[in-house]
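Structure record follows, encoded as structure tokens.
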Amino acid sequence: MLVRVDAAEEQSIVELSEEIRGWLDTYEAPRDVAIDVWSDSAKPAFNRLTDIIKNGVIGALLVFICLVIVFDLRVALWIAVGIPLSFVGSLIFLGAADLTLNMGTVFAFFLLVGIVVDDAVVVGESTAAEREIGKSALDAAIGGAKAVFGPITIGVITTLLALVPFAFITTGNFQMLAVFPYVAFFVLVVSLAEAFLILPAHLSYERPWSLSPLKDVQDWVRHWLEGLRESLVVPAVSWSVRHIGLTLACALVVVVAGVALVRSEIVRVVVFDSRVNATNSVQADLTLPTGAPFETTLSFAERFVSAAESINQQLGSDSINAVSMMVGNLASSKHGEEDRPRSHVASVRLHLNDHLIRTASPWEIAQLWRRNVGDTSYLESVEYETSRVRAKPSVAYAFKHDDVKTLKEVVAELRQYLTTVPGTYGVSDSLSLGKRHVEIELTPAAEAAGMTAALVGAQLRANYHGIEVQRLQRGHDELKVMVRYPSERRASLGELVRERIFQVGPGARVGVRDRIRNDEMPLAMVTRLTETRELGILKRIDGQQATDVSAHADPSVITPIQARRKINAELMLDLLATYPD
């Protein structure tokens, strides 16, 4: 049994997780019952935030080290202090803007580190330049801030304008980018206040802080930078100004070379690499044909479990800590599907040890798992998940045609071809069949006897689905009493074939064996039964029947762009020629 707990919008998933785990530690499970946590989304979220903050602290220390070997210790210290001050100060406005500290806002902080540092560095450098021409510390701090106020302010405004389009993003997981303009506005406003109000006040003191040997190191670094400027930068700028045409030509050559590198596929382009942002688990989601029995789905899921049991031995390390299986539902699926039981789906998850213990990455473990499982053509689809964000198929095509048979032929050819492309896996399409249906058509004998399709359908619905005969009030609830055949009478088509239809008289109740009836006739005599299976998913493009074929590309073998180019060059032209309509 699986119990799922979701946090409300105003709740902290970290606090909720700690509370649930604390309750589980004190809970005494019944005999022969084991309780374990299937998936805890709070732990990876907390770890991500912790890692980001830790990396941010390391970055601030590196910035301080770079500053202190060039600037006076006072200048370097207050510039470095201004970085976290700008971010901490911006937190004051997050609550008023209905924003929370999450992955999106923290990622925005990271993008703004360079701009915040630049603002403070420019003010500090401007102040130092004013000191070099003989001004006092106070006058240099005031003059230095006034000299760069315009450029810094314009730079902040242009940065905000460049981020404004992110506020209108509404696509799926990319909605986390919508917070960037707001976070940037708060951070940069606080950064301006710090750079022009707080930093100049600290730079207005006459006495420097740097003493020997730090001062000697700073003098040597400044002398080296000045020599580099005079020997390399100044001659390069002078030549560029005197040879504008050649400068533009060189720039054009660099641009063309960059485009050529991308077009020649020397530089591999992968828009979303599932190997990035990996989790501490690997999950396989299995989908069998619609209507597959639970027992069949269970047997296939157990095959995946068996394939995973040998991975530790193959890798020579304890990479997998545990294997869990869920049949009848997907552990993590698209919104709205996780609470709908379905007998033809299952999830198998490999819970991995910490990366300090295991030697293989989740992506490498998933690849080995796929090889161990082998052929999966008997399944509708198999999706392996290693990242925190569910990756969409990187290779996908859509076809439309009025004839379903033609669509099936095209899909079959493309699927067959995709299996021959190295690096493609998880091929699936939307032409999977749905549940079995029985179409009922009246025979001439039934029509001659005065029966109608509505009469037959109403009796079958009443007998198999049920008919309401009574309603009972139980407190605030109302109970419906339904009458229908017992489960053993509704379990097979054989029972349906042996069903008898009553030719009722006027005023008789349909589906109930009343005294007012004329005769009864076998269902096989009054109807023709035809078993059919329609498509489980109906898609249309421009009003025409449509389907799609999708697959994943292994970036270590072939990129999605390379796979699509190969398919377009070797197959699509032939398909369009064979099926021009």
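Identifiers in this document derive from the order of the structure tokens: chains are assigned A, B, ..., residues are numbered from 1 separately in each chain, and ligands are numbered from 1 in order of occurrence.
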From the DSSP assignment of the backbone, select every residue of range 320-510 of chain A that is alpha helix (DSSP H), and format the answer as a ChimeraX atom specification. /A:362-373,404-418,444-448,453-460,493-497
CA of Gly374 in chain A to CA of Pro293 in chain A measures 22.4 Å
Would you kindly return, as a PDB file with N, CA and C atoms, in the first residue's frame, each protein, DNA or RNA residue with an atom no farther than 7 Å from any atom of range 8-23 of chain A, considering only C-alpha atoms and excluding same-chain residues fewer than 4 positions away?
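What ended up in part-v3.pdb:
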ATOM      1  N   TYR A  27       6.425   5.262  15.177  1.00  0.00           N
ATOM      2  CA  TYR A  27       5.293   4.423  14.847  1.00  0.00           C
ATOM      3  C   TYR A  27       5.699   2.952  14.895  1.00  0.00           C
ATOM      4  N   ALA A  42      11.350  16.411  -0.583  1.00  0.00           N
ATOM      5  CA  ALA A  42      11.901  17.488   0.240  1.00  0.00           C
ATOM      6  C   ALA A  42      13.415  17.368   0.372  1.00  0.00           C
ATOM      7  N   PHE A  46      15.947  20.275  -0.599  1.00  0.00           N
ATOM      8  CA  PHE A  46      16.778  20.895   0.441  1.00  0.00           C
ATOM      9  C   PHE A  46      18.257  20.774   0.095  1.00  0.00           C
TER      10      PHE A  46
END
Quick one: residues within 9 Å of Pro289 in chain A, only C-alpha atoms, excluding same-chain residues fewer than 6 positions away - as a list in words? His344, Val345, Tyr378, Leu379, Glu380, Ser432, Leu433, Gly434 and Lys435 of chain A
How about saving the chosen residues, N, CA, C and O atoms kept, as a CSV table (one decimal), in the first residue's frame?
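Output saved as result00.csv:
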chain,number,residue,atom,x,y,z
A,344,HIS,N,-2.6,-1.4,-16.5
A,344,HIS,CA,-1.6,-1.7,-17.6
A,344,HIS,C,-0.4,-0.8,-17.4
A,344,HIS,O,0.5,-0.8,-18.3
A,345,VAL,N,-0.2,-0.2,-16.3
A,345,VAL,CA,1.0,0.6,-16.1
A,345,VAL,C,1.7,0.2,-14.8
A,345,VAL,O,1.1,-0.4,-13.9
A,378,TYR,N,7.4,-5.6,-26.7
A,378,TYR,CA,6.1,-6.1,-26.3
A,378,TYR,C,5.4,-5.1,-25.5
A,378,TYR,O,4.2,-5.3,-25.1
A,379,LEU,N,6.0,-4.0,-25.1
A,379,LEU,CA,5.4,-2.9,-24.3
A,379,LEU,C,5.0,-1.8,-25.2
A,379,LEU,O,5.6,-1.5,-26.3
A,380,GLU,N,4.0,-1.1,-24.8
A,380,GLU,CA,3.6,0.1,-25.6
A,380,GLU,C,4.7,1.2,-25.5
A,380,GLU,O,5.0,1.8,-26.5
A,432,SER,N,-1.7,3.3,-30.0
A,432,SER,CA,-2.0,2.2,-29.1
A,432,SER,C,-3.6,2.0,-29.1
A,432,SER,O,-4.3,3.0,-29.0
A,433,LEU,N,-4.0,0.8,-29.0
A,433,LEU,CA,-5.4,0.5,-29.0
A,433,LEU,C,-5.9,0.6,-27.6
A,433,LEU,O,-5.2,0.4,-26.6
A,434,GLY,N,-7.2,1.0,-27.5
A,434,GLY,CA,-7.8,1.2,-26.2
A,434,GLY,C,-8.5,-0.1,-25.7
A,434,GLY,O,-8.1,-1.2,-26.2
A,435,LYS,N,-9.5,0.0,-24.9
A,435,LYS,CA,-10.1,-1.2,-24.3
A,435,LYS,C,-11.0,-1.9,-25.4
A,435,LYS,O,-11.4,-1.3,-26.4
Return as a Markdown table the residues of range 10-113 of chain A lying at most 10 Å from range 210-222 of chain A, together with the closest atom-to-atom pair for each and the distance in Å to one decimal, counting only C-alpha atoms, with rows in chain order and ascending residue number.
| residue | atom | partner | partner_atom | distance |
| --- | --- | --- | --- | --- |
| A:Leu67 | CA | A:Gln218 | CA | 9.7 |
| A:Val68 | CA | A:Gln218 | CA | 7.6 |
| A:Ile69 | CA | A:Gln218 | CA | 4.9 |
| A:Val70 | CA | A:Gln218 | CA | 5.2 |
| A:Phe71 | CA | A:Gln218 | CA | 7.0 |
| A:Asp72 | CA | A:Ser210 | CA | 5.6 |
| A:Leu73 | CA | A:Ser210 | CA | 5.1 |
| A:Arg74 | CA | A:Ser210 | CA | 7.5 |
| A:Val75 | CA | A:Ser210 | CA | 9.7 |
